[in-house]
$ cat my_file20.cif   # mmCIF, C-alpha atoms
data_model
loop_
_atom_site.label_atom_id
_atom_site.label_comp_id
_atom_site.auth_asym_id
_atom_site.auth_seq_id
_atom_site.Cartn_x
_atom_site.Cartn_y
_atom_site.Cartn_z
CA MET A 21 0.00 0.00 0.00
CA PRO A 22 1.44 3.42 -0.91
CA GLU A 23 2.40 5.92 1.73
CA THR A 24 -0.50 8.34 2.21
CA THR A 25 0.90 10.51 4.98
CA ARG A 26 0.86 14.16 4.05
CA ASN A 27 2.60 16.93 5.92
CA TRP A 28 0.39 20.00 6.16
CA PRO A 29 1.92 23.43 6.84
CA SER A 30 0.07 23.59 10.17
CA HIS A 31 2.04 20.60 11.46
CA ASP A 32 5.13 22.81 11.64
CA ALA A 33 3.33 25.96 12.81
CA VAL A 34 3.55 27.02 16.43
CA LEU A 35 0.08 27.04 17.93
CA PRO A 36 -0.59 30.41 19.61
CA GLU A 37 -1.10 30.15 23.37
CA ASP A 38 -4.59 31.66 23.28
CA VAL A 39 -6.04 29.14 20.81
CA THR A 40 -9.20 27.55 22.19
CA ASP A 41 -9.94 25.38 19.13
CA PRO A 42 -6.68 23.88 17.81
CA LEU A 43 -8.33 21.86 15.03
CA LEU A 44 -10.13 24.90 13.60
CA TRP A 45 -6.98 27.01 13.84
CA ARG A 46 -4.81 24.41 12.09
CA MET A 47 -7.34 23.81 9.30
CA ALA A 48 -7.73 27.56 8.73
CA TYR A 49 -3.95 27.97 8.76
CA ASP A 50 -3.60 25.37 5.99
CA VAL A 51 -6.24 27.14 3.89
CA ALA A 52 -4.55 30.50 4.45
CA VAL A 53 -1.17 29.12 3.35
CA ALA A 54 -2.70 27.61 0.19
CA HIS A 55 -4.30 30.94 -0.75
CA GLN A 56 -1.41 33.36 -0.17
CA PRO A 57 -1.17 35.81 -3.09
CA ASP A 58 1.61 35.47 -5.63
CA ALA A 59 3.93 38.28 -6.83
CA GLU A 60 1.14 39.75 -8.99
CA GLY A 61 -1.30 39.83 -6.06
CA ARG A 62 -3.45 36.95 -7.30
CA CYS A 63 -4.45 33.74 -5.57
CA PRO A 64 -2.48 30.77 -6.94
CA SER A 65 -5.09 28.19 -5.93
CA LEU A 66 -6.88 26.46 -8.79
CA LEU A 67 -10.14 26.94 -6.89
CA CYS A 68 -9.81 30.72 -7.15
CA ALA A 69 -8.76 30.90 -10.81
CA GLY A 70 -6.36 33.81 -10.30
CA GLN A 71 -8.72 36.08 -8.34
CA SER A 72 -7.26 39.24 -6.89
CA ALA A 73 -6.13 38.87 -3.31
CA PRO A 74 -7.50 38.47 -0.81
CA CYS A 75 -9.75 35.73 -2.17
CA ALA A 76 -12.81 34.54 -0.24
CA PRO A 77 -11.10 31.41 1.17
CA LEU A 78 -8.21 33.51 2.52
CA VAL A 79 -10.55 36.04 4.15
CA ASN A 80 -12.61 33.25 5.69
CA ALA A 81 -9.49 31.37 6.86
CA ARG A 82 -8.23 34.49 8.62
CA ARG A 83 -11.65 34.91 10.25
CA ALA A 84 -11.63 31.27 11.39
CA MET A 85 -8.15 31.67 12.87
CA LEU A 86 -9.41 34.65 14.86
CA LEU A 87 -12.46 32.70 16.06
CA ALA A 88 -10.24 29.77 17.06
CA ARG A 89 -8.40 32.18 19.35
CA GLY A 90 -11.60 33.27 21.06
CA GLY A 91 -11.80 36.49 19.05
CA ALA A 92 -14.91 38.37 18.07
CA PRO A 93 -16.61 36.95 14.98
CA GLY A 94 -16.41 40.23 13.04
CA PRO A 95 -18.21 40.61 9.72
CA ALA A 96 -20.02 37.71 8.09
CA PRO A 97 -17.86 35.38 5.99
CA ILE A 98 -17.49 36.04 2.29
CA ALA A 99 -19.36 33.59 0.11
CA ALA A 100 -17.24 31.72 -2.39
CA GLN A 101 -17.76 32.86 -5.95
CA TRP A 102 -17.66 29.50 -7.65
CA HIS A 103 -20.17 29.15 -10.43
CA TRP A 104 -21.51 25.61 -10.48
CA ARG A 105 -23.64 24.67 -13.42
CA ARG A 106 -27.16 23.73 -12.43
CA GLU A 107 -28.98 21.00 -14.26
CA ALA A 108 -32.50 21.82 -15.42
CA ALA A 109 -35.14 20.21 -13.23
#

$ encode --input "my_file20.cif" --output "structure tokens"
Amino acid sequence: MPETTRNWPSHDAVLPEDVTDPLLWRMAYDVAVAHQPDAEGRCPSLLCAGQSAPCAPLVNARRAMLLARGGAPGPAPIAAQWHWRREAA
């Protein structure tokens, strides 16, 4: 069976002392790392198709990291702008 262990960026990150939800913080950290803007200020993730930074997943990841530290929720999360094709009913 092939090796399926994957090292996520959050495995090496130092968990802040005030984190009350480590799982949420680590998951949000991984999303934030994956959606950091490139040199042109665009999101490199295939899910964002080169959107200008900050993309919705990055904004929501930052919000989740704040919530995981017991912070105020702040503004409502940004809805993702993926356009899924709907089949006619």

$ atom_distance --input "my_file20.cif" --atom1 "atom CA of Asp38 of chain A" --atom2 "atom CA of Gly90 of chain A"
7.5 Å

$ atom_distance --input "my_file20.cif" --atom1 "atom CA of Val53 of chain A" --atom2 "atom CA of Pro36 of chain A"
16.3 Å

$ closest_residue --input "my_file20.cif" --among "A:Leu43, A:Val51, A:Ala59, A:Ala88" --to "Ala76 of chain A" --atoms "only C-alpha atoms"
A:Val51

$ closest_residue --input "my_file20.cif" --among "A:Arg26, A:Arg89, A:His31, A:Arg62" --to "Leu44 of chain A" --atoms "only C-alpha atoms"
A:Arg89

$ residues_around --input "my_file20.cif" --residues "Val39 of chain A" --least-positions-apart "6" --cutoff "12 Å" --atoms "only C-alpha atoms" --output "list of chain:residue names"
A:Trp45, A:Arg46, A:Ala84, A:Met85, A:Leu86, A:Leu87, A:Ala88, A:Arg89, A:Gly90, A:Gly91

$ axis_aligned_box --input "my_file20.cif" --around "segment 48-52 of chain A" --padding-each-side "3 Å" --output "AutoDock Vina command-line options"
--center_x -5.7 --center_y 27.9 --center_z 6.3 --size_x 10.1 --size_y 11.1 --size_z 10.9

$ atom_distance --input "my_file20.cif" --atom1 "atom CA of Asn27 of chain A" --atom2 "atom CA of Cys63 of chain A"
21.5 Å

$ decode --input "my_file20.cif" --residues "segment 36-70 of chain A" --atoms "N, CA and C atoms" --output "PDB file, in the first residue's frame"
ATOM      1  N   PRO A  36      -0.570  29.305  18.646  1.00  0.00           N
ATOM      2  CA  PRO A  36      -0.595  30.412  19.610  1.00  0.00           C
ATOM      3  C   PRO A  36      -1.171  29.957  20.953  1.00  0.00           C
ATOM      4  N   GLU A  37      -0.695  30.568  22.022  1.00  0.00           N
ATOM      5  CA  GLU A  37      -1.102  30.152  23.370  1.00  0.00           C
ATOM      6  C   GLU A  37      -2.580  30.360  23.647  1.00  0.00           C
ATOM      7  N   ASP A  38      -3.192  31.346  22.989  1.00  0.00           N
ATOM      8  CA  ASP A  38      -4.588  31.659  23.284  1.00  0.00           C
ATOM      9  C   ASP A  38      -5.591  30.900  22.416  1.00  0.00           C
ATOM     10  N   VAL A  39      -5.135  29.913  21.661  1.00  0.00           N
ATOM     11  CA  VAL A  39      -6.041  29.135  20.813  1.00  0.00           C
ATOM     12  C   VAL A  39      -6.932  28.256  21.680  1.00  0.00           C
ATOM     13  N   THR A  40      -8.240  28.365  21.449  1.00  0.00           N
ATOM     14  CA  THR A  40      -9.198  27.546  22.189  1.00  0.00           C
ATOM     15  C   THR A  40      -9.725  26.387  21.351  1.00  0.00           C
ATOM     16  N   ASP A  41      -9.503  26.443  20.037  1.00  0.00           N
ATOM     17  CA  ASP A  41      -9.940  25.376  19.129  1.00  0.00           C
ATOM     18  C   ASP A  41      -8.785  25.044  18.182  1.00  0.00           C
ATOM     19  N   PRO A  42      -7.860  24.182  18.613  1.00  0.00           N
ATOM     20  CA  PRO A  42      -6.678  23.881  17.810  1.00  0.00           C
ATOM     21  C   PRO A  42      -6.990  23.300  16.431  1.00  0.00           C
ATOM     22  N   LEU A  43      -8.000  22.454  16.329  1.00  0.00           N
ATOM     23  CA  LEU A  43      -8.328  21.859  15.035  1.00  0.00           C
ATOM     24  C   LEU A  43      -8.785  22.933  14.045  1.00  0.00           C
ATOM     25  N   LEU A  44      -9.671  23.817  14.473  1.00  0.00           N
ATOM     26  CA  LEU A  44     -10.129  24.905  13.604  1.00  0.00           C
ATOM     27  C   LEU A  44      -8.964  25.791  13.195  1.00  0.00           C
ATOM     28  N   TRP A  45      -8.106  26.142  14.146  1.00  0.00           N
ATOM     29  CA  TRP A  45      -6.976  27.015  13.841  1.00  0.00           C
ATOM     30  C   TRP A  45      -6.042  26.365  12.821  1.00  0.00           C
ATOM     31  N   ARG A  46      -5.726  25.090  13.014  1.00  0.00           N
ATOM     32  CA  ARG A  46      -4.810  24.413  12.085  1.00  0.00           C
ATOM     33  C   ARG A  46      -5.421  24.258  10.688  1.00  0.00           C
ATOM     34  N   MET A  47      -6.699  23.942  10.618  1.00  0.00           N
ATOM     35  CA  MET A  47      -7.342  23.814   9.303  1.00  0.00           C
ATOM     36  C   MET A  47      -7.365  25.168   8.592  1.00  0.00           C
ATOM     37  N   ALA A  48      -7.704  26.221   9.318  1.00  0.00           N
ATOM     38  CA  ALA A  48      -7.733  27.560   8.735  1.00  0.00           C
ATOM     39  C   ALA A  48      -6.332  27.997   8.314  1.00  0.00           C
ATOM     40  N   TYR A  49      -5.331  27.644   9.097  1.00  0.00           N
ATOM     41  CA  TYR A  49      -3.947  27.972   8.759  1.00  0.00           C
ATOM     42  C   TYR A  49      -3.563  27.329   7.427  1.00  0.00           C
ATOM     43  N   ASP A  50      -3.918  26.069   7.246  1.00  0.00           N
ATOM     44  CA  ASP A  50      -3.600  25.372   5.995  1.00  0.00           C
ATOM     45  C   ASP A  50      -4.285  26.028   4.799  1.00  0.00           C
ATOM     46  N   VAL A  51      -5.532  26.439   4.975  1.00  0.00           N
ATOM     47  CA  VAL A  51      -6.242  27.135   3.890  1.00  0.00           C
ATOM     48  C   VAL A  51      -5.555  28.464   3.599  1.00  0.00           C
ATOM     49  N   ALA A  52      -5.202  29.205   4.640  1.00  0.00           N
ATOM     50  CA  ALA A  52      -4.550  30.498   4.454  1.00  0.00           C
ATOM     51  C   ALA A  52      -3.226  30.355   3.708  1.00  0.00           C
ATOM     52  N   VAL A  53      -2.447  29.346   4.036  1.00  0.00           N
ATOM     53  CA  VAL A  53      -1.175  29.121   3.347  1.00  0.00           C
ATOM     54  C   VAL A  53      -1.411  28.811   1.873  1.00  0.00           C
ATOM     55  N   ALA A  54      -2.414  28.003   1.577  1.00  0.00           N
ATOM     56  CA  ALA A  54      -2.697  27.611   0.192  1.00  0.00           C
ATOM     57  C   ALA A  54      -3.218  28.770  -0.654  1.00  0.00           C
ATOM     58  N   HIS A  55      -3.703  29.828  -0.011  1.00  0.00           N
ATOM     59  CA  HIS A  55      -4.304  30.941  -0.753  1.00  0.00           C
ATOM     60  C   HIS A  55      -3.519  32.245  -0.608  1.00  0.00           C
ATOM     61  N   GLN A  56      -2.228  32.151  -0.246  1.00  0.00           N
ATOM     62  CA  GLN A  56      -1.406  33.357  -0.168  1.00  0.00           C
ATOM     63  C   GLN A  56      -1.187  33.913  -1.569  1.00  0.00           C
ATOM     64  N   PRO A  57      -1.321  35.232  -1.749  1.00  0.00           N
ATOM     65  CA  PRO A  57      -1.175  35.812  -3.085  1.00  0.00           C
ATOM     66  C   PRO A  57       0.240  35.656  -3.635  1.00  0.00           C
ATOM     67  N   ASP A  58       0.316  35.557  -4.967  1.00  0.00           N
ATOM     68  CA  ASP A  58       1.612  35.467  -5.635  1.00  0.00           C
ATOM     69  C   ASP A  58       2.184  36.876  -5.838  1.00  0.00           C
ATOM     70  N   ALA A  59       3.263  36.998  -6.602  1.00  0.00           N
ATOM     71  CA  ALA A  59       3.933  38.280  -6.825  1.00  0.00           C
ATOM     72  C   ALA A  59       3.030  39.308  -7.508  1.00  0.00           C
ATOM     73  N   GLU A  60       2.068  38.842  -8.299  1.00  0.00           N
ATOM     74  CA  GLU A  60       1.142  39.752  -8.988  1.00  0.00           C
ATOM     75  C   GLU A  60      -0.086  40.087  -8.139  1.00  0.00           C
ATOM     76  N   GLY A  61      -0.169  39.548  -6.926  1.00  0.00           N
ATOM     77  CA  GLY A  61      -1.305  39.830  -6.057  1.00  0.00           C
ATOM     78  C   GLY A  61      -2.532  39.005  -6.373  1.00  0.00           C
ATOM     79  N   ARG A  62      -2.334  37.834  -6.962  1.00  0.00           N
ATOM     80  CA  ARG A  62      -3.452  36.950  -7.305  1.00  0.00           C
ATOM     81  C   ARG A  62      -3.313  35.644  -6.530  1.00  0.00           C
ATOM     82  N   CYS A  63      -4.452  35.014  -6.283  1.00  0.00           N
ATOM     83  CA  CYS A  63      -4.453  33.742  -5.565  1.00  0.00           C
ATOM     84  C   CYS A  63      -3.974  32.634  -6.506  1.00  0.00           C
ATOM     85  N   PRO A  64      -2.992  31.835  -6.087  1.00  0.00           N
ATOM     86  CA  PRO A  64      -2.477  30.773  -6.942  1.00  0.00           C
ATOM     87  C   PRO A  64      -3.309  29.487  -6.920  1.00  0.00           C
ATOM     88  N   SER A  65      -4.290  29.406  -6.037  1.00  0.00           N
ATOM     89  CA  SER A  65      -5.095  28.193  -5.929  1.00  0.00           C
ATOM     90  C   SER A  65      -5.949  27.995  -7.173  1.00  0.00           C
ATOM     91  N   LEU A  66      -6.034  26.768  -7.627  1.00  0.00           N
ATOM     92  CA  LEU A  66      -6.876  26.461  -8.787  1.00  0.00           C
ATOM     93  C   LEU A  66      -8.345  26.746  -8.501  1.00  0.00           C
ATOM     94  N   LEU A  67      -8.747  26.658  -7.252  1.00  0.00           N
ATOM     95  CA  LEU A  67     -10.138  26.942  -6.891  1.00  0.00           C
ATOM     96  C   LEU A  67     -10.507  28.405  -7.114  1.00  0.00           C
ATOM     97  N   CYS A  68      -9.531  29.278  -7.046  1.00  0.00           N
ATOM     98  CA  CYS A  68      -9.806  30.717  -7.153  1.00  0.00           C
ATOM     99  C   CYS A  68      -9.557  31.275  -8.548  1.00  0.00           C
ATOM    100  N   ALA A  69      -8.972  30.512  -9.410  1.00  0.00           N
ATOM    101  CA  ALA A  69      -8.756  30.898 -10.812  1.00  0.00           C
ATOM    102  C   ALA A  69      -8.122  32.278 -10.951  1.00  0.00           C
ATOM    103  N   GLY A  70      -7.096  32.556 -10.164  1.00  0.00           N
ATOM    104  CA  GLY A  70      -6.358  33.806 -10.304  1.00  0.00           C
ATOM    105  C   GLY A  70      -7.075  35.048  -9.819  1.00  0.00           C
TER     106      GLY A  70
END
